[in-house]
Structures are given as structure tokens and as C-alpha cells.
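Participant: So that you have it, the file is run-v7.txt, and it contains compact mmCIF, C-alpha atoms:
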# COMPACT_ATOMS: atom_id res chain seq x y z
CA MET A 1 0.00 0.00 0.00
CA GLU A 2 1.29 3.47 -0.86
CA LYS A 3 2.73 5.38 2.08
CA VAL A 4 1.07 8.77 2.63
CA PHE A 5 2.35 11.34 5.06
CA PHE A 6 -0.85 13.41 5.30
CA LYS A 7 -3.30 13.10 8.16
CA GLU A 8 -7.00 13.81 8.03
CA ASN A 9 -8.10 17.46 7.87
CA GLU A 10 -4.61 18.88 7.46
CA THR A 11 -4.02 22.30 5.91
CA ILE A 12 -1.42 22.96 3.21
CA LEU A 13 -0.41 26.60 2.76
CA PHE A 14 1.32 27.90 -0.38
CA GLN A 15 3.35 31.08 0.18
CA GLY A 16 5.32 33.24 -2.21
CA ASP A 17 5.16 35.88 -4.91
CA SER A 18 3.38 36.19 -8.28
CA ILE A 19 4.32 32.66 -9.33
CA THR A 20 2.28 31.34 -6.40
CA ASP A 21 -0.34 34.12 -6.52
CA CYS A 22 -1.13 33.54 -10.21
CA SER A 23 -4.11 35.91 -10.28
CA ARG A 24 -5.93 34.44 -7.29
CA ASN A 25 -9.01 36.32 -6.14
CA LYS A 26 -7.88 38.27 -3.06
CA GLU A 27 -11.52 38.76 -2.02
CA ASN A 28 -12.00 35.00 -1.81
CA GLY A 29 -9.82 33.35 0.82
CA SER A 30 -10.25 29.94 -0.76
CA SER A 31 -9.11 31.04 -4.23
CA LEU A 32 -6.02 29.11 -5.35
CA GLY A 33 -5.24 31.11 -8.50
CA GLY A 34 -4.53 29.53 -11.86
CA GLY A 35 -1.04 28.11 -11.38
CA TYR A 36 0.95 25.39 -9.64
CA ALA A 37 -0.80 25.88 -6.28
CA MET A 38 -4.13 25.11 -7.92
CA PHE A 39 -2.74 22.23 -9.99
CA THR A 40 -1.05 20.64 -6.97
CA SER A 41 -4.13 21.07 -4.79
CA ALA A 42 -6.43 19.60 -7.45
CA TRP A 43 -4.26 16.51 -7.90
CA LEU A 44 -3.96 15.94 -4.16
CA MET A 45 -7.69 16.38 -3.60
CA ALA A 46 -8.41 13.83 -6.32
CA LYS A 47 -5.68 11.45 -5.18
CA TYR A 48 -6.48 11.54 -1.45
CA PRO A 49 -10.16 12.44 -1.00
CA GLN A 50 -10.32 10.45 2.21
CA TYR A 51 -8.00 12.91 3.97
CA ASN A 52 -10.25 15.97 3.51
CA LEU A 53 -7.24 18.21 2.96
CA LYS A 54 -7.55 22.00 2.95
CA PHE A 55 -5.44 24.16 0.63
CA ILE A 56 -4.69 27.87 1.02
CA ASN A 57 -2.82 30.22 -1.33
CA ARG A 58 -1.37 33.42 0.10
CA GLY A 59 1.15 34.30 -2.59
CA ILE A 60 1.22 38.00 -3.48
CA SER A 61 2.64 39.35 -6.73
CA GLY A 62 5.85 41.32 -6.42
CA HIS A 63 6.71 40.22 -2.92
CA ARG A 64 10.17 39.58 -1.55
CA THR A 65 11.36 37.89 1.63
CA LYS A 66 11.02 41.16 3.54
CA ASP A 67 7.35 41.38 2.49
CA LEU A 68 6.70 37.88 3.78
CA VAL A 69 8.27 38.88 7.10
CA ASP A 70 5.89 41.86 7.32
CA ARG A 71 2.76 39.77 6.75
CA TRP A 72 3.87 36.48 8.28
CA ASP A 73 1.55 36.50 11.30
CA LYS A 74 -1.61 37.22 9.30
CA ASP A 75 -0.81 35.16 6.21
CA CYS A 76 0.92 32.20 7.84
CA ILE A 77 0.88 31.87 11.63
CA ASP A 78 -2.80 32.78 12.05
CA LEU A 79 -3.78 30.23 9.39
CA LYS A 80 -2.18 27.42 11.41
CA PRO A 81 -1.00 25.28 8.47
CA ASP A 82 0.19 21.73 8.98
CA TRP A 83 2.26 21.99 5.80
CA LEU A 84 3.97 25.13 4.54
CA SER A 85 5.26 25.42 0.97
CA ILE A 86 7.43 28.48 0.22
CA LEU A 87 8.58 29.77 -3.17
CA ILE A 88 10.26 33.16 -2.83
CA GLY A 89 13.38 34.92 -4.04
CA ILE A 90 13.11 35.92 -7.69
CA ASN A 91 11.90 39.43 -6.86
CA ASP A 92 14.81 39.82 -4.46
CA THR A 93 16.97 39.45 -7.56
CA TRP A 94 14.70 41.18 -10.11
CA ARG A 95 14.52 44.48 -8.22
CA ARG A 96 18.29 44.81 -8.37
CA TYR A 97 18.10 45.02 -12.15
CA SER A 98 14.73 46.73 -12.64
CA GLU A 99 14.84 49.35 -9.87
CA ASN A 100 18.40 49.31 -8.50
CA ASP A 101 16.93 47.99 -5.25
CA PRO A 102 19.00 44.92 -4.42
CA THR A 103 18.57 42.38 -1.66
CA SER A 104 21.96 41.09 -0.58
CA ALA A 105 22.48 37.37 -0.06
CA GLU A 106 23.06 38.08 3.62
CA GLN A 107 19.78 39.96 3.95
CA PHE A 108 17.92 37.27 2.01
CA GLU A 109 19.22 34.57 4.35
CA LYS A 110 18.48 36.64 7.46
CA GLU A 111 14.88 37.28 6.41
CA TYR A 112 14.31 33.69 5.30
CA ARG A 113 15.56 32.49 8.69
CA ILE A 114 13.13 34.85 10.41
CA LEU A 115 10.27 33.22 8.51
CA LEU A 116 11.37 29.69 9.33
CA ASP A 117 12.26 30.34 12.97
CA ASN A 118 9.00 32.17 13.56
CA VAL A 119 6.74 29.48 12.16
CA LEU A 120 8.61 26.60 13.78
CA ALA A 121 8.54 28.34 17.16
CA LYS A 122 4.77 28.76 17.02
CA LEU A 123 3.46 25.82 15.00
CA SER A 124 4.10 22.13 14.47
CA VAL A 125 4.51 22.43 10.72
CA LYS A 126 6.22 20.47 7.96
CA LEU A 127 8.23 22.54 5.49
CA ILE A 128 8.51 22.37 1.71
CA MET A 129 10.98 24.86 0.22
CA CYS A 130 11.11 25.59 -3.50
CA GLU A 131 14.16 27.03 -5.22
CA PRO A 132 13.69 30.36 -6.99
CA PHE A 133 14.57 30.10 -10.67
CA VAL A 134 15.14 32.05 -13.87
CA LEU A 135 15.05 30.78 -17.44
CA HIS A 136 17.38 32.31 -20.02
CA CYS A 137 14.77 33.64 -22.44
CA THR A 138 17.03 36.63 -23.16
CA ASP A 139 20.73 37.32 -22.71
CA ASP A 140 19.91 39.89 -20.04
CA LEU A 141 18.42 37.20 -17.84
CA LYS A 142 21.69 35.28 -17.90
CA LEU A 143 23.23 38.23 -16.03
CA TRP A 144 20.80 37.65 -13.18
CA ARG A 145 22.71 34.49 -12.28
CA GLU A 146 25.30 36.57 -10.44
CA ASP A 147 22.61 37.59 -7.97
CA LEU A 148 20.24 34.61 -8.03
CA ASN A 149 22.68 31.71 -7.73
CA PRO A 150 23.83 32.66 -4.21
CA LYS A 151 20.19 32.87 -3.13
CA ILE A 152 19.47 29.43 -4.58
CA LYS A 153 22.41 28.06 -2.59
CA ILE A 154 20.98 29.66 0.54
CA VAL A 155 17.60 27.99 -0.01
CA ARG A 156 19.34 24.64 -0.43
CA LYS A 157 21.37 25.20 2.73
CA LEU A 158 18.36 26.26 4.78
CA ALA A 159 16.27 23.34 3.54
CA LYS A 160 18.92 20.96 4.79
CA GLU A 161 19.41 22.81 8.06
CA TYR A 162 15.68 23.03 8.82
CA ASN A 163 14.93 19.48 7.65
CA ALA A 164 12.61 20.71 4.89
CA ILE A 165 11.68 18.98 1.66
CA LEU A 166 13.54 20.77 -1.15
CA ILE A 167 11.97 21.17 -4.59
CA PRO A 168 14.98 21.97 -6.85
CA LEU A 169 13.05 24.04 -9.37
CA ASP A 170 16.02 25.84 -10.92
CA LYS A 171 17.68 22.52 -11.67
CA ILE A 172 14.39 21.08 -12.93
CA PHE A 173 13.74 23.98 -15.31
CA GLN A 174 17.30 23.94 -16.64
CA LYS A 175 16.84 20.28 -17.50
CA ALA A 176 13.42 20.97 -19.05
CA CYS A 177 14.95 23.65 -21.28
CA LYS A 178 16.94 20.93 -23.01
CA LEU A 179 13.65 19.47 -24.21
CA GLN A 180 11.88 22.71 -25.14
CA SER A 181 12.85 26.37 -25.37
CA PRO A 182 12.84 28.50 -22.20
CA ASN A 183 9.86 30.47 -23.56
CA TYR A 184 7.84 27.25 -23.61
CA TRP A 185 8.15 27.04 -19.83
CA ALA A 186 8.15 30.75 -18.90
CA GLY A 187 7.55 33.41 -21.52
CA ASP A 188 9.51 36.12 -19.72
CA GLY A 189 11.93 33.78 -17.97
CA VAL A 190 10.19 34.21 -14.61
CA HIS A 191 6.43 33.66 -14.85
CA PRO A 192 5.60 30.10 -15.86
CA THR A 193 3.30 29.20 -18.73
CA LEU A 194 0.65 26.54 -18.17
CA ALA A 195 3.31 23.96 -18.99
CA GLY A 196 5.68 25.58 -16.52
CA HIS A 197 3.11 25.58 -13.73
CA ALA A 198 2.26 21.97 -14.47
CA LEU A 199 5.96 21.10 -14.25
CA ILE A 200 6.20 22.79 -10.85
CA ALA A 201 3.14 20.85 -9.65
CA GLN A 202 4.57 17.56 -10.92
CA SER A 203 7.89 18.32 -9.24
CA TRP A 204 6.17 19.27 -5.97
CA MET A 205 4.41 15.92 -5.99
CA LYS A 206 7.52 13.97 -6.99
CA TYR A 207 9.97 15.44 -4.48
CA SER A 208 7.46 15.36 -1.65
CA GLY A 209 7.05 11.64 -2.28
CA LEU A 210 3.54 11.82 -3.68
CA LYS A 211 4.17 11.05 -7.35
Would you write the structure of this file as C-alpha cells?
Facilitator:
Amino acid sequence: MEKVFFKENETILFQGDSITDCSRNKENGSSLGGGYAMFTSAWLMAKYPQYNLKFINRGISGHRTKDLVDRWDKDCIDLKPDWLSILIGINDTWRRYSENDPTSAEQFEKEYRILLDNVLAKLSVKLIMCEPFVLHCTDDLKLWREDLNPKIKIVRKLAKEYNAILIPLDKIFQKACKLQSPNYWAGDGVHPTLAGHALIAQSWMKYSGLK
């Protein structure tokens, strides 16, 4: 019999930026948007109906780690998730190039630790951490690697340190780009297409042991 790590009536919270947000209805607290959070939730609801799982999406477009820190009580702690999935970091890199408003690797790690320490101190929660990623749709995006790669390494380090499940999305998308062009997966190199969101959902399931 397949081993399942969910328990009945558990809550899974997806946190992050626009990739997680994906046009969810902010007036409807149960809206999951149109991306990987919705795809993952739909598959898990169909696969494990007996567990009566609840899914929440609180991703907000444009947000960085510091924004998550500011809203962490309302959009995480107060929701009392049993599982917390985090995908954050690309805006911490993007703003360096679009607005000359960088987030240093040190600041990124400090703020990420605040999020993890806070939730683990207040809740008994299982962690799933997703790597931020960028696809090289243009030559300019290749330059982002100087800033993003250290942040990806930090996510990997923290996942190991905090005993979280790591979803290696940057590695997964780089491999996928050998099968199809970067634009197939994310038209602007950051925001996934339907195929890109489906790939994230598949990877979430696979690396969490639910494939």
C-alpha cells in the first residue's frame, strides 16, 4: 500500500510571490489562482479524497522575503498550516536590475531564517521549500545568475538545516529547457506558462514523495 504522510483534515499553505499568486481572487480566501498551487491542490484532492485536505494560497505578486516577514503572522501563523510550501526569491533578484533595489544574499538569508524560525517556534509544521529560478529567455536574464545563484544556494542550505523537503526548481527547469525552449516554460523567464506551472506541480508531488 502506498505510504502517505498526510493526516485527516490537514491544511497545506502555499506562500510566495506572483508565481504562487497567479491571479488568485484576493476577495476570496479559498481562491487558489490559476497556477501550480491550484494544480497541486487539485491533484492531491483527487488522489487523497479520504484525507479531507484543505489548501490555502497566500502568494502576493511582487513580494520579496522582507514582504513575507511583514505579513507572516496574518498570512501564515494565524492560518495554522500543517504543511507550509514556500517559493520566494526571484523578486529579491529582479529588483536589483529593474529598480536598482538589491537584496543582498546576507539579507535574504536573514529574512528567510526569520520566517522559518517564527513558524517553527509557534506551529508544528512540515516545510517544503522551492528554489527560486530564472530561465534564459534573453541574454539579459543570464546576467541575473550573479545575484540569483547565491540565493538558490541559501535555499538549499536552509532546507537541509531546517529538515525541509527541497523542490529543486532551478535545476528542474534547466533540464526541461533541453527538451523545449525557455519560452515554452516561462515566456519572460520568470512567470511560468501553463506547462511551466504543471511542471512545478509535478515536481512538488515527486519530491514530496507523492508522485
Participant: Could you jot down the CA of Asp70 (chain A) to CA of Asp188 (chain A) separation for me, Å, one decimal place?
Facilitator: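 Computing it gives 27.9 Å between the two atoms.
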Participant: As a list in words, please: the residues near Cys137 (chain A) (cut-off 10 Å, all atoms listed in the file, same-chain neighbours under 3 positions excluded).
Facilitator: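 These residues fall inside the cut-off: Val134, Asp140, Leu141, Lys142, Ser181, Pro182, Asn183, Tyr184, Trp185, Ala186, Gly187, Asp188, Gly189 and Val190 of chain A.
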Participant: Which neighbours of Phe14 (chain A) fall inside 9 Å, counting all atoms listed in the file, when residues of the same chain fewer than 3 positions from it are skipped, and could you give them as a PyMOL selection string?
Facilitator: chain A and resi 20-21+32+37+55-59+83-87
Participant: Counting all atoms listed in the file, which residue out of A:Arg95, A:Lys54, A:Lys151, A:Lys171 sits closest to Asp82 (chain A)?
Facilitator: A:Lys54
Participant: State, in Å with one decimal place, the distance from CA of Ile152 (chain A) to CA of Leu166 (chain A).
Facilitator: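 Calculated distance between CA of Ile152 (chain A) and CA of Leu166 (chain A) is 11.0 Å.
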Participant: Determine, counting all atoms listed in the file, which protein, DNA and RNA residues have an atom within 12 Å of an atom of Glu106 (chain A); residues of the same chain fewer than 5 positions away are not included. Present the result as a PyMOL selection string.
Facilitator: chain A and resi 65+92+111-113+147+150-151+153-154
Participant: Have a look at A:Asn91, A:Asn118, A:Leu143, A:Lys178 and name the one nearest to Asp78 (chain A); count all atoms listed in the file.
Facilitator: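 Smallest separation from Asp78 (chain A) among the options: A:Asn118.
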Participant: Just add N, CA and C atoms to region 117-143 of chain A and send it as a PDB file, in the coordinates of the input.
Facilitator:
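Saved file out-v1.pdb follows:
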ATOM      1  N   ASP A 117      12.188  30.396  11.501  1.00  0.00           N
ATOM      2  CA  ASP A 117      12.260  30.340  12.970  1.00  0.00           C
ATOM      3  C   ASP A 117      10.921  30.706  13.597  1.00  0.00           C
ATOM      4  N   ASN A 118      10.275  31.706  13.023  1.00  0.00           N
ATOM      5  CA  ASN A 118       9.000  32.170  13.560  1.00  0.00           C
ATOM      6  C   ASN A 118       7.938  31.079  13.482  1.00  0.00           C
ATOM      7  N   VAL A 119       7.803  30.464  12.314  1.00  0.00           N
ATOM      8  CA  VAL A 119       6.740  29.480  12.160  1.00  0.00           C
ATOM      9  C   VAL A 119       7.025  28.213  12.959  1.00  0.00           C
ATOM     10  N   LEU A 120       8.284  27.814  13.033  1.00  0.00           N
ATOM     11  CA  LEU A 120       8.610  26.600  13.780  1.00  0.00           C
ATOM     12  C   LEU A 120       8.510  26.808  15.284  1.00  0.00           C
ATOM     13  N   ALA A 121       8.667  28.050  15.738  1.00  0.00           N
ATOM     14  CA  ALA A 121       8.540  28.340  17.160  1.00  0.00           C
ATOM     15  C   ALA A 121       7.077  28.340  17.603  1.00  0.00           C
ATOM     16  N   LYS A 122       6.172  28.591  16.655  1.00  0.00           N
ATOM     17  CA  LYS A 122       4.770  28.760  17.020  1.00  0.00           C
ATOM     18  C   LYS A 122       3.865  27.623  16.554  1.00  0.00           C
ATOM     19  N   LEU A 123       4.307  26.864  15.550  1.00  0.00           N
ATOM     20  CA  LEU A 123       3.460  25.820  15.000  1.00  0.00           C
ATOM     21  C   LEU A 123       4.241  24.525  14.803  1.00  0.00           C
ATOM     22  N   SER A 124       3.527  23.416  14.853  1.00  0.00           N
ATOM     23  CA  SER A 124       4.100  22.130  14.470  1.00  0.00           C
ATOM     24  C   SER A 124       3.809  21.953  12.987  1.00  0.00           C
ATOM     25  N   VAL A 125       4.755  22.354  12.160  1.00  0.00           N
ATOM     26  CA  VAL A 125       4.510  22.430  10.720  1.00  0.00           C
ATOM     27  C   VAL A 125       5.620  21.717   9.963  1.00  0.00           C
ATOM     28  N   LYS A 126       5.248  21.101   8.853  1.00  0.00           N
ATOM     29  CA  LYS A 126       6.220  20.470   7.960  1.00  0.00           C
ATOM     30  C   LYS A 126       6.521  21.440   6.818  1.00  0.00           C
ATOM     31  N   LEU A 127       7.782  21.535   6.448  1.00  0.00           N
ATOM     32  CA  LEU A 127       8.230  22.540   5.490  1.00  0.00           C
ATOM     33  C   LEU A 127       8.545  21.949   4.119  1.00  0.00           C
ATOM     34  N   ILE A 128       8.109  22.655   3.078  1.00  0.00           N
ATOM     35  CA  ILE A 128       8.510  22.370   1.710  1.00  0.00           C
ATOM     36  C   ILE A 128       9.064  23.670   1.126  1.00  0.00           C
ATOM     37  N   MET A 129      10.328  23.659   0.730  1.00  0.00           N
ATOM     38  CA  MET A 129      10.980  24.860   0.220  1.00  0.00           C
ATOM     39  C   MET A 129      11.320  24.683  -1.248  1.00  0.00           C
ATOM     40  N   CYS A 130      10.893  25.639  -2.058  1.00  0.00           N
ATOM     41  CA  CYS A 130      11.110  25.590  -3.500  1.00  0.00           C
ATOM     42  C   CYS A 130      12.203  26.576  -3.896  1.00  0.00           C
ATOM     43  N   GLU A 131      13.133  26.129  -4.712  1.00  0.00           N
ATOM     44  CA  GLU A 131      14.160  27.030  -5.220  1.00  0.00           C
ATOM     45  C   GLU A 131      13.553  28.119  -6.093  1.00  0.00           C
ATOM     46  N   PRO A 132      14.012  29.371  -5.958  1.00  0.00           N
ATOM     47  CA  PRO A 132      13.690  30.360  -6.990  1.00  0.00           C
ATOM     48  C   PRO A 132      14.439  29.991  -8.264  1.00  0.00           C
ATOM     49  N   PHE A 133      13.975  30.503  -9.394  1.00  0.00           N
ATOM     50  CA  PHE A 133      14.570  30.100 -10.670  1.00  0.00           C
ATOM     51  C   PHE A 133      14.443  31.220 -11.679  1.00  0.00           C
ATOM     52  N   VAL A 134      15.275  31.161 -12.706  1.00  0.00           N
ATOM     53  CA  VAL A 134      15.140  32.050 -13.870  1.00  0.00           C
ATOM     54  C   VAL A 134      15.518  31.251 -15.099  1.00  0.00           C
ATOM     55  N   LEU A 135      14.776  31.449 -16.169  1.00  0.00           N
ATOM     56  CA  LEU A 135      15.050  30.780 -17.440  1.00  0.00           C
ATOM     57  C   LEU A 135      15.642  31.801 -18.401  1.00  0.00           C
ATOM     58  N   HIS A 136      16.609  31.383 -19.188  1.00  0.00           N
ATOM     59  CA  HIS A 136      17.380  32.310 -20.020  1.00  0.00           C
ATOM     60  C   HIS A 136      16.678  32.601 -21.342  1.00  0.00           C
ATOM     61  N   CYS A 137      15.521  33.275 -21.238  1.00  0.00           N
ATOM     62  CA  CYS A 137      14.770  33.640 -22.440  1.00  0.00           C
ATOM     63  C   CYS A 137      15.468  34.750 -23.225  1.00  0.00           C
ATOM     64  N   THR A 138      16.239  35.572 -22.531  1.00  0.00           N
ATOM     65  CA  THR A 138      17.030  36.630 -23.160  1.00  0.00           C
ATOM     66  C   THR A 138      18.424  36.627 -22.546  1.00  0.00           C
ATOM     67  N   ASP A 139      19.361  37.249 -23.235  1.00  0.00           N
ATOM     68  CA  ASP A 139      20.730  37.320 -22.710  1.00  0.00           C
ATOM     69  C   ASP A 139      20.787  38.102 -21.409  1.00  0.00           C
ATOM     70  N   ASP A 140      19.909  39.106 -21.265  1.00  0.00           N
ATOM     71  CA  ASP A 140      19.910  39.890 -20.040  1.00  0.00           C
ATOM     72  C   ASP A 140      19.638  39.031 -18.812  1.00  0.00           C
ATOM     73  N   LEU A 141      18.775  38.041 -18.978  1.00  0.00           N
ATOM     74  CA  LEU A 141      18.420  37.200 -17.840  1.00  0.00           C
ATOM     75  C   LEU A 141      19.583  36.327 -17.392  1.00  0.00           C
ATOM     76  N   LYS A 142      20.505  36.043 -18.295  1.00  0.00           N
ATOM     77  CA  LYS A 142      21.690  35.280 -17.900  1.00  0.00           C
ATOM     78  C   LYS A 142      22.518  36.059 -16.880  1.00  0.00           C
ATOM     79  N   LEU A 143      22.471  37.392 -16.967  1.00  0.00           N
ATOM     80  CA  LEU A 143      23.230  38.230 -16.030  1.00  0.00           C
ATOM     81  C   LEU A 143      22.677  38.135 -14.619  1.00  0.00           C
TER      82      LEU A 143
END
